[in-house]
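Engineer: Next comes the structure file final17.cif, holding mmCIF, N, CA and C atoms and all ligand atoms.
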```
data_protein
#
loop_
_atom_site.label_atom_id
_atom_site.label_comp_id
_atom_site.auth_asym_id
_atom_site.auth_seq_id
_atom_site.Cartn_x
_atom_site.Cartn_y
_atom_site.Cartn_z
N MET B 19 0.84 -1.18 0.00
CA MET B 19 0.00 0.00 0.00
C MET B 19 0.90 1.25 0.00
N THR B 20 0.61 2.20 -0.87
CA THR B 20 1.41 3.42 -0.96
C THR B 20 0.73 4.56 -0.20
N THR B 21 1.47 5.66 -0.03
CA THR B 21 0.91 6.85 0.63
C THR B 21 -0.31 7.34 -0.13
N ASP B 22 -0.26 7.31 -1.45
CA ASP B 22 -1.41 7.75 -2.25
C ASP B 22 -2.63 6.88 -2.00
N ASP B 23 -2.43 5.61 -1.73
CA ASP B 23 -3.56 4.71 -1.47
C ASP B 23 -4.26 5.05 -0.16
N ARG B 24 -3.49 5.60 0.80
CA ARG B 24 -4.04 5.91 2.13
C ARG B 24 -4.63 7.31 2.21
N ARG B 25 -4.34 8.19 1.26
CA ARG B 25 -4.73 9.60 1.33
C ARG B 25 -6.22 9.79 1.09
N LEU B 26 -6.84 10.59 1.98
CA LEU B 26 -8.23 11.01 1.83
C LEU B 26 -8.24 12.51 1.62
N ASP B 27 -9.37 13.10 1.24
CA ASP B 27 -9.43 14.55 1.22
C ASP B 27 -9.93 15.04 2.58
N GLY B 28 -9.78 16.33 2.84
CA GLY B 28 -10.10 16.91 4.14
C GLY B 28 -11.53 16.71 4.58
N ASN B 29 -12.44 16.45 3.65
CA ASN B 29 -13.84 16.22 4.02
C ASN B 29 -13.99 15.05 4.98
N ALA B 30 -13.08 14.10 4.92
CA ALA B 30 -13.17 12.92 5.78
C ALA B 30 -12.92 13.27 7.24
N LEU B 31 -12.36 14.44 7.51
CA LEU B 31 -12.10 14.85 8.89
C LEU B 31 -13.25 15.64 9.50
N ALA B 32 -14.20 16.07 8.70
CA ALA B 32 -15.31 16.90 9.20
C ALA B 32 -16.08 16.20 10.32
N GLY B 33 -16.36 14.94 10.16
CA GLY B 33 -17.10 14.20 11.19
C GLY B 33 -16.33 14.12 12.50
N PRO B 34 -15.09 13.62 12.49
CA PRO B 34 -14.32 13.57 13.73
C PRO B 34 -14.12 14.94 14.37
N LEU B 35 -13.91 16.01 13.59
CA LEU B 35 -13.72 17.34 14.17
C LEU B 35 -15.00 17.86 14.82
N SER B 36 -16.15 17.44 14.34
CA SER B 36 -17.40 17.90 14.95
C SER B 36 -17.50 17.43 16.40
N GLU B 37 -16.79 16.35 16.75
CA GLU B 37 -16.74 15.89 18.13
C GLU B 37 -16.06 16.94 19.01
N LEU B 38 -14.97 17.52 18.54
CA LEU B 38 -14.23 18.54 19.30
C LEU B 38 -15.02 19.82 19.42
N PHE B 39 -15.55 20.33 18.33
CA PHE B 39 -16.17 21.64 18.36
C PHE B 39 -17.57 21.62 18.96
N ALA B 40 -18.11 20.47 19.29
CA ALA B 40 -19.40 20.39 19.96
C ALA B 40 -19.24 20.43 21.47
N LEU B 41 -18.01 20.32 21.97
CA LEU B 41 -17.76 20.28 23.41
C LEU B 41 -17.67 21.68 24.00
N ASP B 42 -17.93 21.79 25.29
CA ASP B 42 -17.70 23.04 26.02
C ASP B 42 -16.20 23.16 26.23
N LEU B 43 -15.60 24.15 25.61
CA LEU B 43 -14.14 24.28 25.65
C LEU B 43 -13.64 25.09 26.85
N ALA B 44 -14.53 25.52 27.74
CA ALA B 44 -14.10 26.32 28.89
C ALA B 44 -13.07 25.59 29.75
N ALA B 45 -13.19 24.28 29.83
CA ALA B 45 -12.26 23.50 30.65
C ALA B 45 -11.11 22.92 29.84
N ALA B 46 -11.06 23.23 28.56
CA ALA B 46 -9.97 22.74 27.72
C ALA B 46 -8.64 23.28 28.22
N THR B 47 -7.61 22.48 28.13
CA THR B 47 -6.27 22.91 28.53
C THR B 47 -5.49 23.32 27.29
N ILE B 48 -4.88 24.50 27.38
CA ILE B 48 -4.08 25.03 26.27
C ILE B 48 -2.62 24.99 26.68
N THR B 49 -1.78 24.47 25.80
CA THR B 49 -0.33 24.56 25.99
C THR B 49 0.19 25.62 25.04
N CYS B 50 0.82 26.63 25.63
CA CYS B 50 1.31 27.79 24.88
C CYS B 50 2.49 27.40 23.99
N ALA B 51 2.42 27.79 22.71
CA ALA B 51 3.52 27.51 21.78
C ALA B 51 4.71 28.43 22.02
N HIS B 52 4.50 29.53 22.72
CA HIS B 52 5.59 30.49 22.95
C HIS B 52 6.47 30.08 24.13
N CYS B 53 5.84 29.69 25.26
CA CYS B 53 6.64 29.44 26.47
C CYS B 53 6.44 28.02 27.04
N GLY B 54 5.46 27.28 26.53
CA GLY B 54 5.24 25.90 26.98
C GLY B 54 4.36 25.77 28.21
N ALA B 55 3.91 26.89 28.78
CA ALA B 55 3.01 26.81 29.94
C ALA B 55 1.67 26.21 29.53
N SER B 56 1.05 25.48 30.47
CA SER B 56 -0.26 24.88 30.21
C SER B 56 -1.24 25.35 31.26
N GLY B 57 -2.48 25.52 30.84
CA GLY B 57 -3.52 25.90 31.77
C GLY B 57 -4.87 25.89 31.10
N PRO B 58 -5.94 25.91 31.89
CA PRO B 58 -7.28 25.88 31.31
C PRO B 58 -7.58 27.18 30.56
N LEU B 59 -8.38 27.06 29.52
CA LEU B 59 -8.78 28.24 28.74
C LEU B 59 -9.33 29.32 29.66
N GLY B 60 -10.09 28.91 30.67
CA GLY B 60 -10.70 29.87 31.57
C GLY B 60 -9.71 30.70 32.37
N ALA B 61 -8.47 30.25 32.48
CA ALA B 61 -7.44 30.99 33.23
C ALA B 61 -6.62 31.91 32.32
N HIS B 62 -6.90 31.87 31.02
CA HIS B 62 -6.17 32.72 30.09
C HIS B 62 -6.80 34.12 30.04
N HIS B 63 -6.08 35.08 29.47
CA HIS B 63 -6.56 36.45 29.39
C HIS B 63 -7.25 36.66 28.05
N LEU B 64 -8.48 37.17 28.10
CA LEU B 64 -9.27 37.38 26.88
C LEU B 64 -9.43 38.87 26.62
N TYR B 65 -9.19 39.25 25.37
CA TYR B 65 -9.40 40.63 24.92
C TYR B 65 -10.43 40.56 23.79
N SER B 66 -11.63 41.07 24.07
CA SER B 66 -12.71 40.99 23.09
C SER B 66 -13.04 42.33 22.47
N ASP B 67 -12.18 43.32 22.66
CA ASP B 67 -12.45 44.64 22.10
C ASP B 67 -11.71 44.88 20.78
N ALA B 68 -11.29 43.81 20.15
CA ALA B 68 -10.61 43.89 18.85
C ALA B 68 -11.55 43.29 17.80
N PRO B 69 -11.17 43.34 16.53
CA PRO B 69 -12.02 42.70 15.51
C PRO B 69 -12.24 41.21 15.76
N ALA B 70 -11.34 40.61 16.54
CA ALA B 70 -11.49 39.20 16.90
C ALA B 70 -11.34 39.06 18.41
N HIS B 71 -11.81 37.96 18.97
CA HIS B 71 -11.51 37.64 20.36
C HIS B 71 -10.06 37.16 20.37
N VAL B 72 -9.25 37.73 21.25
CA VAL B 72 -7.83 37.38 21.30
C VAL B 72 -7.55 36.81 22.69
N VAL B 73 -7.02 35.60 22.74
CA VAL B 73 -6.68 34.94 24.00
C VAL B 73 -5.17 34.93 24.15
N ARG B 74 -4.71 35.44 25.31
CA ARG B 74 -3.27 35.51 25.58
C ARG B 74 -2.89 34.61 26.75
N CYS B 75 -1.69 34.09 26.69
CA CYS B 75 -1.13 33.25 27.74
C CYS B 75 -0.94 34.08 29.01
N PRO B 76 -1.39 33.59 30.17
CA PRO B 76 -1.20 34.34 31.40
C PRO B 76 0.24 34.35 31.88
N THR B 77 1.08 33.48 31.36
CA THR B 77 2.48 33.41 31.78
C THR B 77 3.37 34.36 30.96
N CYS B 78 3.25 34.32 29.63
CA CYS B 78 4.15 35.11 28.79
C CYS B 78 3.43 36.19 27.98
N THR B 79 2.12 36.24 28.05
CA THR B 79 1.24 37.16 27.31
C THR B 79 1.23 36.94 25.80
N GLY B 80 1.84 35.87 25.33
CA GLY B 80 1.79 35.56 23.90
C GLY B 80 0.37 35.22 23.47
N VAL B 81 0.02 35.54 22.23
CA VAL B 81 -1.31 35.21 21.70
C VAL B 81 -1.37 33.71 21.45
N VAL B 82 -2.34 33.04 22.08
CA VAL B 82 -2.47 31.60 21.87
C VAL B 82 -3.57 31.27 20.86
N LEU B 83 -4.62 32.09 20.81
CA LEU B 83 -5.62 31.86 19.77
C LEU B 83 -6.44 33.11 19.52
N ARG B 84 -7.04 33.12 18.34
CA ARG B 84 -7.94 34.21 17.94
C ARG B 84 -9.17 33.58 17.32
N PHE B 85 -10.30 34.20 17.60
CA PHE B 85 -11.55 33.72 17.03
C PHE B 85 -12.37 34.92 16.58
N ALA B 86 -12.87 34.85 15.37
CA ALA B 86 -13.73 35.92 14.85
C ALA B 86 -14.95 35.32 14.19
N SER B 87 -16.05 35.99 14.35
CA SER B 87 -17.30 35.61 13.70
C SER B 87 -17.89 36.88 13.12
N ASP B 88 -17.90 36.98 11.80
CA ASP B 88 -18.44 38.17 11.16
C ASP B 88 -18.98 37.81 9.78
N SER B 89 -19.20 38.81 8.95
CA SER B 89 -19.82 38.58 7.65
C SER B 89 -18.97 37.68 6.74
N ARG B 90 -17.67 37.54 7.08
CA ARG B 90 -16.82 36.67 6.26
C ARG B 90 -16.88 35.22 6.72
N GLY B 91 -17.52 34.98 7.88
CA GLY B 91 -17.64 33.62 8.40
C GLY B 91 -16.98 33.48 9.75
N LEU B 92 -16.69 32.25 10.14
CA LEU B 92 -16.00 31.96 11.40
C LEU B 92 -14.54 31.72 11.09
N ARG B 93 -13.68 32.36 11.86
CA ARG B 93 -12.24 32.17 11.67
C ARG B 93 -11.63 31.83 13.02
N PHE B 94 -10.83 30.78 13.06
CA PHE B 94 -10.23 30.28 14.29
C PHE B 94 -8.75 30.06 14.01
N GLU B 95 -7.90 30.83 14.67
CA GLU B 95 -6.46 30.75 14.43
C GLU B 95 -5.79 30.33 15.73
N MET B 96 -4.96 29.31 15.67
CA MET B 96 -4.33 28.74 16.87
C MET B 96 -2.82 28.61 16.72
N THR B 97 -2.19 29.50 16.00
CA THR B 97 -0.75 29.41 15.79
C THR B 97 0.01 29.39 17.11
N GLY B 98 -0.48 30.12 18.11
CA GLY B 98 0.20 30.20 19.40
C GLY B 98 -0.14 29.09 20.36
N THR B 99 -0.90 28.10 19.91
CA THR B 99 -1.25 26.96 20.75
C THR B 99 -0.49 25.74 20.28
N ARG B 100 0.33 25.19 21.15
CA ARG B 100 1.05 23.98 20.79
C ARG B 100 0.12 22.78 20.86
N LEU B 101 -0.75 22.77 21.89
CA LEU B 101 -1.65 21.63 22.08
C LEU B 101 -2.91 22.09 22.78
N LEU B 102 -4.05 21.62 22.30
CA LEU B 102 -5.34 21.85 22.94
C LEU B 102 -5.85 20.49 23.40
N THR B 103 -6.08 20.35 24.71
CA THR B 103 -6.53 19.08 25.25
C THR B 103 -7.92 19.27 25.84
N VAL B 104 -8.83 18.41 25.44
CA VAL B 104 -10.19 18.47 25.95
C VAL B 104 -10.50 17.12 26.59
N ALA B 105 -10.77 17.12 27.88
CA ALA B 105 -11.13 15.86 28.56
C ALA B 105 -12.49 15.41 28.07
N THR B 106 -12.65 14.14 27.84
CA THR B 106 -13.94 13.60 27.39
C THR B 106 -14.52 12.66 28.43
ZN ZN H 1 3.06 31.45 27.13
#
```
Take the structure I supplied and represent it as structure tokens, if you would.
Ligand SMILES: [Zn+2]
Structural biologist:
Amino acid sequence: MTTDDRRLDGNALAGPLSELFALDLAAATITCAHCGASGPLGAHHLYSDAPAHVVRCPTCTGVVLRFASDSRGLRFEMTGTRLLTVAT
């Protein structure tokens, strides 16, 4: 079996991802990509007075994620998050 034989398109991930985005993420643990600190989303600093909601690490103040919902759709950027863990 080759790599090409195993490859699916991104649509195949929509079902499994719906499991994550249906959960209450308030208790999710975020590991900061900037400094490596981990903590619950609820303990992070939120700035909602920008075009997007901006979440910053309480240890280093680095941006861990941004979320926007507007006429262009929903946008979720997690460049500053090394790992998001959600207990199930
Ligand atoms: Zn940090």
Engineer: Figure out the distance between CA of Leu31 in chain B and CA of Met19 in chain B, please, to one decimal in Å.
Structural biologist: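 These two atoms are separated by 21.1 Å.
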Engineer: Can you pull out every residue from chain B that DSSP, working from the backbone, puts in strand (DSSP E or B), and format the result as a ChimeraX atom specification?
Structural biologist: /B:47-50,56-58,63-65,71-74,81-88,91-95,99-103
Engineer: Restrict the selected residues to N, CA and C atoms and save them as a CSV table (one decimal), in the frame of the given file.
Structural biologist:
```csv
chain,number,residue,atom,x,y,z
B,47,THR,N,-7.6,22.5,28.1
B,47,THR,CA,-6.3,22.9,28.5
B,47,THR,C,-5.5,23.3,27.3
B,48,ILE,N,-4.9,24.5,27.4
B,48,ILE,CA,-4.1,25.0,26.3
B,48,ILE,C,-2.6,25.0,26.7
B,49,THR,N,-1.8,24.5,25.8
B,49,THR,CA,-0.3,24.6,26.0
B,49,THR,C,0.2,25.6,25.0
B,50,CYS,N,0.8,26.6,25.6
B,50,CYS,CA,1.3,27.8,24.9
B,50,CYS,C,2.5,27.4,24.0
B,56,SER,N,1.0,25.5,30.5
B,56,SER,CA,-0.3,24.9,30.2
B,56,SER,C,-1.2,25.4,31.3
B,57,GLY,N,-2.5,25.5,30.8
B,57,GLY,CA,-3.5,25.9,31.8
B,57,GLY,C,-4.9,25.9,31.1
B,58,PRO,N,-5.9,25.9,31.9
B,58,PRO,CA,-7.3,25.9,31.3
B,58,PRO,C,-7.6,27.2,30.6
B,63,HIS,N,-6.1,35.1,29.5
B,63,HIS,CA,-6.6,36.4,29.4
B,63,HIS,C,-7.2,36.7,28.0
B,64,LEU,N,-8.5,37.2,28.1
B,64,LEU,CA,-9.3,37.4,26.9
B,64,LEU,C,-9.4,38.9,26.6
B,65,TYR,N,-9.2,39.2,25.4
B,65,TYR,CA,-9.4,40.6,24.9
B,65,TYR,C,-10.4,40.6,23.8
B,71,HIS,N,-11.8,38.0,19.0
B,71,HIS,CA,-11.5,37.6,20.4
B,71,HIS,C,-10.1,37.2,20.4
B,72,VAL,N,-9.2,37.7,21.2
B,72,VAL,CA,-7.8,37.4,21.3
B,72,VAL,C,-7.6,36.8,22.7
B,73,VAL,N,-7.0,35.6,22.7
B,73,VAL,CA,-6.7,34.9,24.0
B,73,VAL,C,-5.2,34.9,24.2
B,74,ARG,N,-4.7,35.4,25.3
B,74,ARG,CA,-3.3,35.5,25.6
B,74,ARG,C,-2.9,34.6,26.8
B,81,VAL,N,0.0,35.5,22.2
B,81,VAL,CA,-1.3,35.2,21.7
B,81,VAL,C,-1.4,33.7,21.4
B,82,VAL,N,-2.3,33.0,22.1
B,82,VAL,CA,-2.5,31.6,21.9
B,82,VAL,C,-3.6,31.3,20.9
B,83,LEU,N,-4.6,32.1,20.8
B,83,LEU,CA,-5.6,31.9,19.8
B,83,LEU,C,-6.4,33.1,19.5
B,84,ARG,N,-7.0,33.1,18.3
B,84,ARG,CA,-7.9,34.2,17.9
B,84,ARG,C,-9.2,33.6,17.3
B,85,PHE,N,-10.3,34.2,17.6
B,85,PHE,CA,-11.6,33.7,17.0
B,85,PHE,C,-12.4,34.9,16.6
B,86,ALA,N,-12.9,34.8,15.4
B,86,ALA,CA,-13.7,35.9,14.8
B,86,ALA,C,-15.0,35.3,14.2
B,87,SER,N,-16.0,36.0,14.4
B,87,SER,CA,-17.3,35.6,13.7
B,87,SER,C,-17.9,36.9,13.1
B,88,ASP,N,-17.9,37.0,11.8
B,88,ASP,CA,-18.4,38.2,11.2
B,88,ASP,C,-19.0,37.8,9.8
B,91,GLY,N,-17.5,35.0,7.9
B,91,GLY,CA,-17.6,33.6,8.4
B,91,GLY,C,-17.0,33.5,9.8
B,92,LEU,N,-16.7,32.2,10.1
B,92,LEU,CA,-16.0,32.0,11.4
B,92,LEU,C,-14.5,31.7,11.1
B,93,ARG,N,-13.7,32.4,11.9
B,93,ARG,CA,-12.2,32.2,11.7
B,93,ARG,C,-11.6,31.8,13.0
B,94,PHE,N,-10.8,30.8,13.1
B,94,PHE,CA,-10.2,30.3,14.3
B,94,PHE,C,-8.8,30.1,14.0
B,95,GLU,N,-7.9,30.8,14.7
B,95,GLU,CA,-6.5,30.8,14.4
B,95,GLU,C,-5.8,30.3,15.7
B,99,THR,N,-0.9,28.1,19.9
B,99,THR,CA,-1.2,27.0,20.8
B,99,THR,C,-0.5,25.7,20.3
B,100,ARG,N,0.3,25.2,21.2
B,100,ARG,CA,1.0,24.0,20.8
B,100,ARG,C,0.1,22.8,20.9
B,101,LEU,N,-0.8,22.8,21.9
B,101,LEU,CA,-1.6,21.6,22.1
B,101,LEU,C,-2.9,22.1,22.8
B,102,LEU,N,-4.0,21.6,22.3
B,102,LEU,CA,-5.3,21.8,22.9
B,102,LEU,C,-5.8,20.5,23.4
B,103,THR,N,-6.1,20.4,24.7
B,103,THR,CA,-6.5,19.1,25.2
B,103,THR,C,-7.9,19.3,25.8
```
Engineer: Which of these residues is nearest to ligand ZN 1 (chain H), using only N, CA and C atoms and all ligand atoms: B:Val73, B:Ala55, B:Leu101, B:Leu64?
Structural biologist: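 Selected residue with least distance to ligand ZN 1 (chain H): B:Ala55.
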Engineer: Out of B:Val82, B:Cys75, B:Ala70, B:Leu102, which residue has the shortest atom-to-atom distance to Ala45 in chain B when counting only C-alpha atoms?
Structural biologist: B:Leu102
Engineer: Wanna dump the chain B-ligand ZN 1 (chain H) contacts at 8 Å for me, each residue with its shortest atom pair and the distance in Å to one decimal, counting only C-alpha atoms and all ligand atoms, ordered by chain and number, as a tab-separated table?
Structural biologist:
```
residue	atom	partner	partner_atom	distance
B:Thr49	CA	H:ZN1	ZN	7.8
B:Cys50	CA	H:ZN1	ZN	4.6
B:Ala51	CA	H:ZN1	ZN	6.7
B:His52	CA	H:ZN1	ZN	5.0
B:Cys53	CA	H:ZN1	ZN	4.2
B:Gly54	CA	H:ZN1	ZN	6.0
B:Ala55	CA	H:ZN1	ZN	5.4
B:Ser56	CA	H:ZN1	ZN	8.0
B:Arg74	CA	H:ZN1	ZN	7.7
B:Cys75	CA	H:ZN1	ZN	4.6
B:Pro76	CA	H:ZN1	ZN	6.7
B:Thr77	CA	H:ZN1	ZN	5.1
B:Cys78	CA	H:ZN1	ZN	4.2
B:Thr79	CA	H:ZN1	ZN	6.0
B:Gly80	CA	H:ZN1	ZN	5.4
B:Val81	CA	H:ZN1	ZN	7.9
B:Val82	CA	H:ZN1	ZN	7.6
```
Engineer: Have a look at CA of Arg84 in chain B and CA of Ala40 in chain B and let me know their distance in Å, one decimal.
Structural biologist: 18.1 Å
Engineer: Choose the residue, out of B:Ile48, B:Val72, B:Thr97, B:Leu26, that has the smallest atom-to-atom separation from Phe85 in chain B; count all atoms listed in the file.
Structural biologist: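 Of B:Ile48, B:Val72, B:Thr97, B:Leu26, the one nearest Phe85 in chain B, counting all atoms listed in the file, is B:Val72.
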Engineer: Can you list, as a list in words, all residues belonging to chain B that DSSP tags as helix (DSSP H, G or I)?
Structural biologist: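 Filtering chain B to helix (DSSP H, G or I) leaves Thr21, Asp22, Asp23, Arg24, Gly28, Asn29, Ala30, Leu31, Ala32, Gly33, Pro34, Leu35, Ser36, Glu37, Leu38, Phe39, Leu43, Ala44, Ala45, Leu59, Gly60 and Ala61 of chain B.
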Engineer: Report, in Å to a single decimal, how far apart CA of Thr99 in chain B and CA of Leu83 in chain B are.
Structural biologist: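 Separation of CA of Leu83 in chain B and CA of Thr99 in chain B: 6.6 Å.
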Engineer: Please write out, as JSON, where the centre of an axis-aligned box around all listed atoms of range 64-78 of chain B lies and how long its edges are, in Å to one decimal, after adding 4 Å on each side.
Structural biologist:
```
{"center_x": -4.4, "center_y": 39.1, "center_z": 23.7, "size_x": 25.2, "size_y": 19.6, "size_z": 24.4}
```
Engineer: Between B:Ala105, B:Ala86, B:Met96, B:Ala61, which has the minimum distance to Leu41 in chain B (counting only C-alpha atoms)?
Structural biologist: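 Looking at the shortest contact to Leu41 in chain B, the residue is B:Ala105.
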Engineer: Because some atoms of range 82-92 of chain B are absent here, can you restore all heavy atoms and send them as an mmCIF file, keeping the file's coordinate frame?
Structural biologist:
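Output file result_29.cif follows:
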```cif
data_model
loop_
_atom_site.group_PDB
_atom_site.id
_atom_site.type_symbol
_atom_site.label_atom_id
_atom_site.label_comp_id
_atom_site.auth_asym_id
_atom_site.auth_seq_id
_atom_site.Cartn_x
_atom_site.Cartn_y
_atom_site.Cartn_z
ATOM 1 N N VAL B 82 -2.340 33.040 22.080
ATOM 2 C CA VAL B 82 -2.470 31.600 21.870
ATOM 3 C C VAL B 82 -3.570 31.270 20.860
ATOM 4 O O VAL B 82 -3.473 30.285 20.139
ATOM 5 C CB VAL B 82 -2.699 30.826 23.189
ATOM 6 C CG1 VAL B 82 -1.461 30.866 24.056
ATOM 7 C CG2 VAL B 82 -3.907 31.317 23.942
ATOM 8 N N LEU B 83 -4.620 32.090 20.810
ATOM 9 C CA LEU B 83 -5.620 31.860 19.770
ATOM 10 C C LEU B 83 -6.440 33.110 19.520
ATOM 11 O O LEU B 83 -6.498 34.014 20.344
ATOM 12 C CB LEU B 83 -6.516 30.667 20.097
ATOM 13 C CG LEU B 83 -7.469 30.705 21.271
ATOM 14 C CD1 LEU B 83 -8.793 31.340 20.915
ATOM 15 C CD2 LEU B 83 -7.718 29.282 21.760
ATOM 16 N N ARG B 84 -7.040 33.120 18.340
ATOM 17 C CA ARG B 84 -7.940 34.210 17.940
ATOM 18 C C ARG B 84 -9.170 33.580 17.320
ATOM 19 O O ARG B 84 -9.079 32.576 16.602
ATOM 20 C CB ARG B 84 -7.294 35.102 16.888
ATOM 21 C CG ARG B 84 -6.151 35.900 17.417
ATOM 22 C CD ARG B 84 -5.501 36.666 16.318
ATOM 23 N NE ARG B 84 -4.069 36.455 16.531
ATOM 24 C CZ ARG B 84 -3.116 36.963 15.816
ATOM 25 N NH1 ARG B 84 -3.396 37.677 14.778
ATOM 26 N NH2 ARG B 84 -1.876 36.746 16.096
ATOM 27 N N PHE B 85 -10.300 34.200 17.600
ATOM 28 C CA PHE B 85 -11.550 33.720 17.030
ATOM 29 C C PHE B 85 -12.370 34.920 16.580
ATOM 30 O O PHE B 85 -12.540 35.876 17.333
ATOM 31 C CB PHE B 85 -12.350 32.906 18.057
ATOM 32 C CG PHE B 85 -13.706 32.501 17.563
ATOM 33 C CD1 PHE B 85 -13.849 31.512 16.614
ATOM 34 C CD2 PHE B 85 -14.847 33.129 18.030
ATOM 35 C CE1 PHE B 85 -15.096 31.145 16.139
ATOM 36 C CE2 PHE B 85 -16.106 32.767 17.573
ATOM 37 C CZ PHE B 85 -16.223 31.773 16.623
ATOM 38 N N ALA B 86 -12.870 34.850 15.370
ATOM 39 C CA ALA B 86 -13.730 35.920 14.850
ATOM 40 C C ALA B 86 -14.950 35.320 14.190
ATOM 41 O O ALA B 86 -14.889 34.253 13.568
ATOM 42 C CB ALA B 86 -12.956 36.773 13.846
ATOM 43 N N SER B 87 -16.050 35.990 14.350
ATOM 44 C CA SER B 87 -17.300 35.610 13.700
ATOM 45 C C SER B 87 -17.890 36.880 13.120
ATOM 46 O O SER B 87 -18.282 37.793 13.860
ATOM 47 C CB SER B 87 -18.256 34.995 14.726
ATOM 48 O OG SER B 87 -19.515 34.750 14.143
ATOM 49 N N ASP B 88 -17.900 36.980 11.800
ATOM 50 C CA ASP B 88 -18.440 38.170 11.160
ATOM 51 C C ASP B 88 -18.980 37.810 9.780
ATOM 52 O O ASP B 88 -19.178 36.623 9.484
ATOM 53 C CB ASP B 88 -17.365 39.271 11.085
ATOM 54 C CG ASP B 88 -16.106 38.806 10.357
ATOM 55 O OD1 ASP B 88 -16.201 37.923 9.484
ATOM 56 O OD2 ASP B 88 -15.016 39.328 10.678
ATOM 57 N N SER B 89 -19.200 38.810 8.950
ATOM 58 C CA SER B 89 -19.820 38.580 7.650
ATOM 59 C C SER B 89 -18.970 37.680 6.740
ATOM 60 O O SER B 89 -19.484 37.106 5.782
ATOM 61 C CB SER B 89 -20.097 39.910 6.951
ATOM 62 O OG SER B 89 -18.869 40.602 6.752
ATOM 63 N N ARG B 90 -17.670 37.540 7.080
ATOM 64 C CA ARG B 90 -16.820 36.670 6.260
ATOM 65 C C ARG B 90 -16.880 35.220 6.720
ATOM 66 O O ARG B 90 -16.317 34.338 6.102
ATOM 67 C CB ARG B 90 -15.377 37.155 6.304
ATOM 68 C CG ARG B 90 -15.218 38.499 5.615
ATOM 69 C CD ARG B 90 -13.779 38.905 5.495
ATOM 70 N NE ARG B 90 -13.224 39.174 6.818
ATOM 71 C CZ ARG B 90 -11.937 39.410 7.068
ATOM 72 N NH1 ARG B 90 -11.073 39.372 6.082
ATOM 73 N NH2 ARG B 90 -11.522 39.659 8.273
ATOM 74 N N GLY B 91 -17.520 34.980 7.880
ATOM 75 C CA GLY B 91 -17.640 33.620 8.400
ATOM 76 C C GLY B 91 -16.980 33.480 9.750
ATOM 77 O O GLY B 91 -16.724 34.473 10.436
ATOM 78 N N LEU B 92 -16.690 32.250 10.140
ATOM 79 C CA LEU B 92 -16.000 31.960 11.400
ATOM 80 C C LEU B 92 -14.540 31.720 11.090
ATOM 81 O O LEU B 92 -14.204 30.970 10.173
ATOM 82 C CB LEU B 92 -16.598 30.708 12.047
ATOM 83 C CG LEU B 92 -18.094 30.717 12.345
ATOM 84 C CD1 LEU B 92 -18.525 29.358 12.879
ATOM 85 C CD2 LEU B 92 -18.451 31.816 13.314
#
```
